[in-house]
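K.L.:
Before I ask anything, here is the structure I am working with.
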Amino acid sequence: MLKRKRGLLLLATLPLVFSLSACAGQVGGSGSSLLDTIKSRGKLICGVSGQLPGFSYVKPNGEYAGLDVDVCRAIAAALFNDPNKVEFRNLNSKERFTALQTGEVDILSRNTTWSMSRDTSIGIKFAAVVFYDGQGIMVKKNSGIQKLEDFKGKSICMGTGTTNEQNLTDQMRQRGINYKPLVFEDFNTVFATYEQGRCEGLTGDRSQLVSGRTTLSKPDDHVVLDIVLSKEPLAPAVVNGDSKWFDMVRWTIFALINAEELGVNSQNVGQLANSNNPEVKRLLGTEGNLGKAMGLTNDFVVRIIKNVGNYGEIYERNLGKNSELKLERGPNKLWNQGGILYAPPFR
């Protein structure tokens, strides 16, 4: 009787096992991938902030611009040879992960910190770091505030659903400093509340603070303190379990970095297609089949660099010397130029 019950239980669970196996095959195996869906649709849907100059914002002419925006344009260029085949959707910090998990967007390219809990427990996967940052605090120059201890009994504005909230709590608790957190979903509201004087400080990624300061009525009246509270590696993310789509996004980012390292840019990419350098030949697809192995054309990197530029070009245009922010590259320099920006080789 016991053997018969075990047999019936086994038969009952087999359909579930086969069903789960089939789903796994569709997501990460040889079955359908989001990459194929996007190709058929003819455009990429990219989740961004839309409110952060330098990373993603809307210019007066209605055009999106920024580092995060250009990452999505690079992917569109690789897929369609057209960087404009992207639909951008603005997402705040609270709704961004849900939008990715439910398929509202194909990729989240929104100054988002890669952390362990996000990488392992909410069903998403970070592709590669596009900006190494750290958390800071901004105050008014005449506030007299110079260090964390000066915030005792004072209020600090921040965005909800961010790593900044927990980081600051940890730092203040460790030092025994009692302060008042004021938390908002929309970062424009965070900056507006700070500018109105309802909080003495504003915390966020340092690049975010430098960017947001440009939107204030008197930017020069505010300063980002010489305090770094945390590591904030910012990276685009996709839904977990689709290795084909994940690989495509990850290697698009690596292509931007490797192109800069090899001296391939938007001005010379056409000429360098005839290079005798084997690394350049593999990168640009004139040797080997690295692109086709991912479901792309072998010249997908040529498409990217021709239309969007390499990482250095993207950085300087949006954040560096050719932008309003004038941010030094710092750790975002290439590994062989004093930074930590590094990508695996194309081979």
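In the structure tokens, chains take letters A, B, ... by order of appearance, with residues numbered from 1 within each chain and ligands from 1 in the order shown.
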For segment 150-157 of chain A, please output as a list in words all residues within 6 Å (counting only C-alpha atoms; exclusion window: fewer than 4 positions along the same chain).
P.N.:
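In the requested format, the answer is Ile145, Ile177, Asn178, Tyr179, Lys180, Pro181, Leu182, Val183, Cys199, Glu200, Gly201 and Leu202 of chain A.
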K.L.:
Output N, CA and C atoms of each residue in that selection to a file, as a PDB file, in the first residue's frame.
P.N.:
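What follows is the written file part.pdb:
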ATOM      1  N   ILE A 145      28.243  72.993   8.525  1.00  0.00           N
ATOM      2  CA  ILE A 145      28.359  71.534   8.626  1.00  0.00           C
ATOM      3  C   ILE A 145      29.561  71.058   7.818  1.00  0.00           C
ATOM      4  N   ILE A 177      24.965  58.909  16.378  1.00  0.00           N
ATOM      5  CA  ILE A 177      24.434  60.222  16.026  1.00  0.00           C
ATOM      6  C   ILE A 177      22.937  60.119  15.750  1.00  0.00           C
ATOM      7  N   ASN A 178      22.144  60.863  16.490  1.00  0.00           N
ATOM      8  CA  ASN A 178      20.702  60.904  16.249  1.00  0.00           C
ATOM      9  C   ASN A 178      20.390  62.007  15.236  1.00  0.00           C
ATOM     10  N   TYR A 179      19.725  61.641  14.161  1.00  0.00           N
ATOM     11  CA  TYR A 179      19.370  62.611  13.125  1.00  0.00           C
ATOM     12  C   TYR A 179      17.954  62.306  12.647  1.00  0.00           C
ATOM     13  N   LYS A 180      17.404  63.181  11.801  1.00  0.00           N
ATOM     14  CA  LYS A 180      16.034  63.007  11.313  1.00  0.00           C
ATOM     15  C   LYS A 180      16.049  62.746   9.800  1.00  0.00           C
ATOM     16  N   PRO A 181      15.731  61.529   9.388  1.00  0.00           N
ATOM     17  CA  PRO A 181      15.667  61.253   7.951  1.00  0.00           C
ATOM     18  C   PRO A 181      14.338  61.711   7.355  1.00  0.00           C
ATOM     19  N   LEU A 182      14.389  62.392   6.217  1.00  0.00           N
ATOM     20  CA  LEU A 182      13.196  62.766   5.463  1.00  0.00           C
ATOM     21  C   LEU A 182      13.295  62.050   4.117  1.00  0.00           C
ATOM     22  N   VAL A 183      12.365  61.120   3.868  1.00  0.00           N
ATOM     23  CA  VAL A 183      12.477  60.215   2.724  1.00  0.00           C
ATOM     24  C   VAL A 183      11.355  60.466   1.727  1.00  0.00           C
ATOM     25  N   CYS A 199      15.364  70.467   5.172  1.00  0.00           N
ATOM     26  CA  CYS A 199      16.381  69.573   5.733  1.00  0.00           C
ATOM     27  C   CYS A 199      17.746  70.238   5.575  1.00  0.00           C
ATOM     28  N   GLU A 200      18.630  69.975   6.517  1.00  0.00           N
ATOM     29  CA  GLU A 200      19.949  70.636   6.513  1.00  0.00           C
ATOM     30  C   GLU A 200      20.935  69.968   5.562  1.00  0.00           C
ATOM     31  N   GLY A 201      20.665  68.720   5.194  1.00  0.00           N
ATOM     32  CA  GLY A 201      21.562  68.009   4.291  1.00  0.00           C
ATOM     33  C   GLY A 201      20.785  67.137   3.323  1.00  0.00           C
ATOM     34  N   LEU A 202      21.449  66.733   2.260  1.00  0.00           N
ATOM     35  CA  LEU A 202      20.849  65.849   1.254  1.00  0.00           C
ATOM     36  C   LEU A 202      21.875  64.781   0.923  1.00  0.00           C
TER      37      LEU A 202
END
K.L.:
Find the residues near Lys125 of chain A: any atom within 12 Å, counting only C-alpha atoms, skip ones fewer than 2 places away on the same chain, and give them as number ranges by chain.
P.N.:
A: 97, 100-101, 107-108, 112-123, 127-129, 235-243, 245-247, 249-250
K.L.:
What would the file look like if the residues just selected were written as a short mmCIF file (atom, residue, chain, number, x, y, z; two decimals), in the first residue's frame with N, CA and C atoms?
P.N.:
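Heads up, here's the output in result09.cif:
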data_model
loop_
_atom_site.label_atom_id
_atom_site.label_comp_id
_atom_site.auth_asym_id
_atom_site.auth_seq_id
_atom_site.Cartn_x
_atom_site.Cartn_y
_atom_site.Cartn_z
N PHE A 97 12.39 48.35 -9.92
CA PHE A 97 12.60 46.89 -9.95
C PHE A 97 11.34 46.15 -10.37
N LEU A 100 11.00 46.14 -14.09
CA LEU A 100 11.88 45.16 -14.73
C LEU A 100 11.36 43.74 -14.54
N GLN A 101 10.95 43.43 -13.32
CA GLN A 101 10.47 42.08 -13.01
C GLN A 101 9.22 41.70 -13.80
N ILE A 107 15.30 46.40 -19.91
CA ILE A 107 16.54 46.64 -19.17
C ILE A 107 16.36 47.84 -18.27
N LEU A 108 16.98 47.79 -17.10
CA LEU A 108 16.99 48.91 -16.18
C LEU A 108 18.36 49.56 -16.27
N THR A 112 21.75 52.57 -10.79
CA THR A 112 21.33 51.63 -9.74
C THR A 112 22.54 50.88 -9.19
N THR A 113 22.65 50.84 -7.87
CA THR A 113 23.79 50.18 -7.22
C THR A 113 23.65 48.67 -7.26
N TRP A 114 24.71 48.01 -7.64
CA TRP A 114 24.81 46.55 -7.63
C TRP A 114 25.14 46.12 -6.20
N SER A 115 24.20 45.45 -5.55
CA SER A 115 24.42 44.95 -4.19
C SER A 115 24.05 43.47 -4.12
N MET A 116 24.47 42.80 -3.06
CA MET A 116 24.24 41.36 -2.93
C MET A 116 22.76 41.02 -2.88
N SER A 117 21.99 41.74 -2.05
CA SER A 117 20.58 41.41 -1.90
C SER A 117 19.82 41.60 -3.21
N ARG A 118 20.13 42.67 -3.92
CA ARG A 118 19.46 42.90 -5.20
C ARG A 118 19.85 41.84 -6.23
N ASP A 119 21.08 41.39 -6.17
CA ASP A 119 21.58 40.44 -7.16
C ASP A 119 21.09 39.02 -6.90
N THR A 120 20.68 38.73 -5.66
CA THR A 120 20.37 37.34 -5.31
C THR A 120 18.93 37.07 -4.90
N SER A 121 18.15 38.12 -4.60
CA SER A 121 16.85 37.83 -3.98
C SER A 121 15.63 38.44 -4.68
N ILE A 122 15.83 39.25 -5.72
CA ILE A 122 14.65 39.87 -6.34
C ILE A 122 14.52 39.52 -7.81
N GLY A 123 15.27 38.52 -8.28
CA GLY A 123 15.07 38.02 -9.62
C GLY A 123 15.66 38.86 -10.73
N ALA A 127 24.53 43.47 -15.13
CA ALA A 127 25.37 43.08 -16.27
C ALA A 127 26.84 43.42 -16.04
N ALA A 128 27.16 44.69 -15.87
CA ALA A 128 28.54 45.13 -15.67
C ALA A 128 28.50 46.57 -15.16
N VAL A 129 29.48 46.94 -14.36
CA VAL A 129 29.53 48.29 -13.80
C VAL A 129 29.85 49.30 -14.90
N ALA A 235 25.24 49.86 -12.16
CA ALA A 235 25.23 48.90 -13.27
C ALA A 235 23.82 48.70 -13.82
N PRO A 236 23.68 48.52 -15.13
CA PRO A 236 22.39 48.14 -15.71
C PRO A 236 22.01 46.73 -15.28
N ALA A 237 20.71 46.45 -15.24
CA ALA A 237 20.23 45.14 -14.80
C ALA A 237 19.17 44.61 -15.75
N VAL A 238 19.09 43.28 -15.81
CA VAL A 238 18.06 42.59 -16.59
C VAL A 238 17.43 41.52 -15.71
N VAL A 239 16.34 40.91 -16.18
CA VAL A 239 15.70 39.84 -15.41
C VAL A 239 16.61 38.62 -15.39
N ASN A 240 16.68 37.97 -14.26
CA ASN A 240 17.52 36.78 -14.10
C ASN A 240 16.95 35.59 -14.88
N GLY A 241 17.84 34.72 -15.37
CA GLY A 241 17.41 33.47 -15.97
C GLY A 241 17.43 33.45 -17.49
N ASP A 242 17.75 34.57 -18.13
CA ASP A 242 17.81 34.63 -19.59
C ASP A 242 19.25 34.92 -19.98
N SER A 243 20.04 33.87 -20.10
CA SER A 243 21.47 34.04 -20.32
C SER A 243 21.79 34.68 -21.67
N TRP A 245 20.07 37.02 -23.38
CA TRP A 245 19.87 38.46 -23.28
C TRP A 245 20.90 39.09 -22.35
N PHE A 246 21.15 38.44 -21.23
CA PHE A 246 22.15 38.91 -20.27
C PHE A 246 23.52 39.05 -20.93
N ASP A 247 23.94 38.03 -21.68
CA ASP A 247 25.24 38.06 -22.35
C ASP A 247 25.33 39.22 -23.34
N VAL A 249 23.72 42.12 -23.31
CA VAL A 249 23.83 43.40 -22.60
C VAL A 249 25.22 43.55 -21.99
N ARG A 250 25.69 42.50 -21.34
CA ARG A 250 27.00 42.56 -20.68
C ARG A 250 28.13 42.83 -21.69
#
K.L.:
When distances are computed from only C-alpha atoms, which of A:Ala343, A:Leu234, A:Val190, A:Val301 shows the smallest separation from Asn258 of chain A?
P.N.:
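Ranked by minimum distance to Asn258 of chain A, first place goes to A:Ala343.
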K.L.:
Contacts of segment 314-322 of chain A at 8 Å or less, counting only C-alpha atoms, minus same-chain residues fewer than 6 places along, as JSON, numbers by chain?
P.N.:
{"A": [54, 55, 65, 66, 67, 70, 308, 328, 329]}
K.L.:
Point out the residue among A:Arg347, A:Lys147, A:Arg206, A:Lys39 with the least atom-to-atom distance to Asn289 of chain A, counting only C-alpha atoms.
P.N.:
A:Arg347
K.L.:
Find the residues around segment 212-216 of chain A up to 8 Å (only C-alpha atoms counted), leave out those fewer than 5 positions away in its own chain, and share them as JSON, numbers by chain.
P.N.:
{"A": [52, 53, 191, 195, 222, 325]}
K.L.:
Considering only alpha helix (DSSP H) as DSSP defines it on the backbone, what residues of segment 61-260 of chain A qualify? List them as a PDB file with C-alpha atoms, in the first residue's frame.
P.N.:
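Saved as selection36.pdb:
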ATOM      1  CA  LEU A  67      25.396  57.870 -19.667  1.00  0.00           C
ATOM      2  CA  ASP A  68      22.532  55.490 -18.835  1.00  0.00           C
ATOM      3  CA  VAL A  69      20.704  56.583 -21.975  1.00  0.00           C
ATOM      4  CA  ASP A  70      23.765  55.947 -24.146  1.00  0.00           C
ATOM      5  CA  VAL A  71      24.125  52.422 -22.755  1.00  0.00           C
ATOM      6  CA  CYS A  72      20.637  51.677 -24.085  1.00  0.00           C
ATOM      7  CA  ARG A  73      21.429  53.377 -27.381  1.00  0.00           C
ATOM      8  CA  ALA A  74      24.545  51.210 -27.677  1.00  0.00           C
ATOM      9  CA  ILE A  75      22.419  48.079 -27.262  1.00  0.00           C
ATOM     10  CA  ALA A  76      19.961  49.329 -29.892  1.00  0.00           C
ATOM     11  CA  ALA A  77      22.859  50.071 -32.241  1.00  0.00           C
ATOM     12  CA  ALA A  78      24.203  46.538 -31.777  1.00  0.00           C
ATOM     13  CA  LEU A  79      20.782  45.031 -32.482  1.00  0.00           C
ATOM     14  CA  PHE A  80      19.413  47.289 -35.219  1.00  0.00           C
ATOM     15  CA  ARG A  96      12.157  50.529 -11.006  1.00  0.00           C
ATOM     16  CA  PHE A  97      12.604  46.891  -9.952  1.00  0.00           C
ATOM     17  CA  THR A  98       8.928  46.005 -10.337  1.00  0.00           C
ATOM     18  CA  ALA A  99       8.964  47.430 -13.862  1.00  0.00           C
ATOM     19  CA  LEU A 100      11.882  45.157 -14.731  1.00  0.00           C
ATOM     20  CA  GLN A 101      10.468  42.076 -13.007  1.00  0.00           C
ATOM     21  CA  MET A 116      24.241  41.360  -2.934  1.00  0.00           C
ATOM     22  CA  SER A 117      20.578  41.406  -1.898  1.00  0.00           C
ATOM     23  CA  ARG A 118      19.464  42.903  -5.204  1.00  0.00           C
ATOM     24  CA  ASP A 119      21.581  40.437  -7.157  1.00  0.00           C
ATOM     25  CA  THR A 120      20.372  37.342  -5.314  1.00  0.00           C
ATOM     26  CA  SER A 121      16.853  37.832  -3.983  1.00  0.00           C
ATOM     27  CA  THR A 163      21.033  51.931  -0.766  1.00  0.00           C
ATOM     28  CA  ASN A 164      21.682  55.479   0.492  1.00  0.00           C
ATOM     29  CA  GLU A 165      18.999  55.109   3.158  1.00  0.00           C
ATOM     30  CA  GLN A 166      20.561  52.028   4.766  1.00  0.00           C
ATOM     31  CA  ASN A 167      24.147  53.260   4.342  1.00  0.00           C
ATOM     32  CA  LEU A 168      23.462  56.488   6.212  1.00  0.00           C
ATOM     33  CA  THR A 169      21.549  54.661   8.950  1.00  0.00           C
ATOM     34  CA  ASP A 170      24.518  52.311   9.434  1.00  0.00           C
ATOM     35  CA  GLN A 171      27.045  55.146   9.566  1.00  0.00           C
ATOM     36  CA  MET A 172      25.012  57.230  12.021  1.00  0.00           C
ATOM     37  CA  ARG A 173      24.240  54.274  14.282  1.00  0.00           C
ATOM     38  CA  GLN A 174      27.907  53.320  14.385  1.00  0.00           C
ATOM     39  CA  ARG A 175      28.773  56.838  15.540  1.00  0.00           C
ATOM     40  CA  PHE A 187      14.350  62.562  -6.338  1.00  0.00           C
ATOM     41  CA  ASN A 188      13.146  65.870  -7.764  1.00  0.00           C
ATOM     42  CA  THR A 189      11.056  66.145  -4.595  1.00  0.00           C
ATOM     43  CA  VAL A 190      14.141  65.339  -2.517  1.00  0.00           C
ATOM     44  CA  PHE A 191      16.064  68.223  -4.081  1.00  0.00           C
ATOM     45  CA  ALA A 192      13.092  70.593  -3.887  1.00  0.00           C
ATOM     46  CA  THR A 193      12.578  69.822  -0.190  1.00  0.00           C
ATOM     47  CA  TYR A 194      16.265  70.398   0.491  1.00  0.00           C
ATOM     48  CA  GLU A 195      16.288  73.683  -1.424  1.00  0.00           C
ATOM     49  CA  ARG A 206      28.178  61.791  -5.144  1.00  0.00           C
ATOM     50  CA  SER A 207      27.652  61.970  -8.908  1.00  0.00           C
ATOM     51  CA  GLN A 208      23.918  62.327  -8.262  1.00  0.00           C
ATOM     52  CA  LEU A 209      24.534  65.238  -5.912  1.00  0.00           C
ATOM     53  CA  VAL A 210      26.843  67.002  -8.377  1.00  0.00           C
ATOM     54  CA  SER A 211      24.256  66.442 -11.099  1.00  0.00           C
ATOM     55  CA  GLY A 212      21.286  67.577  -9.003  1.00  0.00           C
ATOM     56  CA  ARG A 213      23.118  70.676  -7.793  1.00  0.00           C
ATOM     57  CA  SER A 243      21.474  34.044 -20.321  1.00  0.00           C
ATOM     58  CA  LYS A 244      21.226  34.975 -24.004  1.00  0.00           C
ATOM     59  CA  TRP A 245      19.872  38.462 -23.285  1.00  0.00           C
ATOM     60  CA  PHE A 246      22.150  38.914 -20.269  1.00  0.00           C
ATOM     61  CA  ASP A 247      25.243  38.064 -22.349  1.00  0.00           C
ATOM     62  CA  MET A 248      24.242  40.517 -25.072  1.00  0.00           C
ATOM     63  CA  VAL A 249      23.830  43.398 -22.599  1.00  0.00           C
ATOM     64  CA  ARG A 250      27.000  42.559 -20.681  1.00  0.00           C
ATOM     65  CA  TRP A 251      29.198  42.296 -23.782  1.00  0.00           C
ATOM     66  CA  THR A 252      27.817  45.512 -25.220  1.00  0.00           C
ATOM     67  CA  ILE A 253      29.146  47.274 -22.108  1.00  0.00           C
ATOM     68  CA  PHE A 254      32.444  45.396 -22.335  1.00  0.00           C
ATOM     69  CA  ALA A 255      32.691  46.439 -25.996  1.00  0.00           C
ATOM     70  CA  LEU A 256      32.506  50.121 -24.999  1.00  0.00           C
ATOM     71  CA  ILE A 257      35.343  49.679 -22.483  1.00  0.00           C
ATOM     72  CA  ASN A 258      37.569  47.501 -24.674  1.00  0.00           C
ATOM     73  CA  ALA A 259      37.141  49.855 -27.615  1.00  0.00           C
ATOM     74  CA  GLU A 260      38.516  52.740 -25.568  1.00  0.00           C
TER      75      GLU A 260
END
K.L.:
So that I can see what lies close to Ile305 of chain A, please list as a PyMOL selection string the residues with an atom at most 7 Å from it, counting only C-alpha atoms and leaving out residues fewer than 5 positions away in the same chain.
P.N.:
chain A and resi 265-266+269+310
K.L.:
Next, the residues of the selection above should be written as a short mmCIF file (atom, residue, chain, number, x, y, z; two decimals), in the first residue's frame with N, CA, C and O atoms.
P.N.:
data_model
loop_
_atom_site.label_atom_id
_atom_site.label_comp_id
_atom_site.auth_asym_id
_atom_site.auth_seq_id
_atom_site.Cartn_x
_atom_site.Cartn_y
_atom_site.Cartn_z
N ASN A 265 37.52 54.46 -31.72
CA ASN A 265 36.50 55.44 -31.40
C ASN A 265 35.60 55.71 -32.60
O ASN A 265 35.78 55.12 -33.67
N SER A 266 34.65 56.61 -32.42
CA SER A 266 33.66 56.86 -33.47
C SER A 266 34.27 57.49 -34.72
O SER A 266 33.69 57.41 -35.80
N VAL A 269 36.77 54.17 -36.33
CA VAL A 269 36.32 52.77 -36.37
C VAL A 269 36.26 52.23 -37.80
O VAL A 269 36.54 51.05 -38.04
N ASN A 310 32.93 55.09 -27.93
CA ASN A 310 33.42 54.18 -26.90
C ASN A 310 33.11 54.74 -25.51
O ASN A 310 32.50 55.81 -25.38
#
K.L.:
Which is closest to Lys43 of chain A among A:Val86, A:Leu334, A:Val223, A:Ile124, if we use only C-alpha atoms?
P.N.:
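Of the candidates, the smallest distance to Lys43 of chain A is held by A:Val86.
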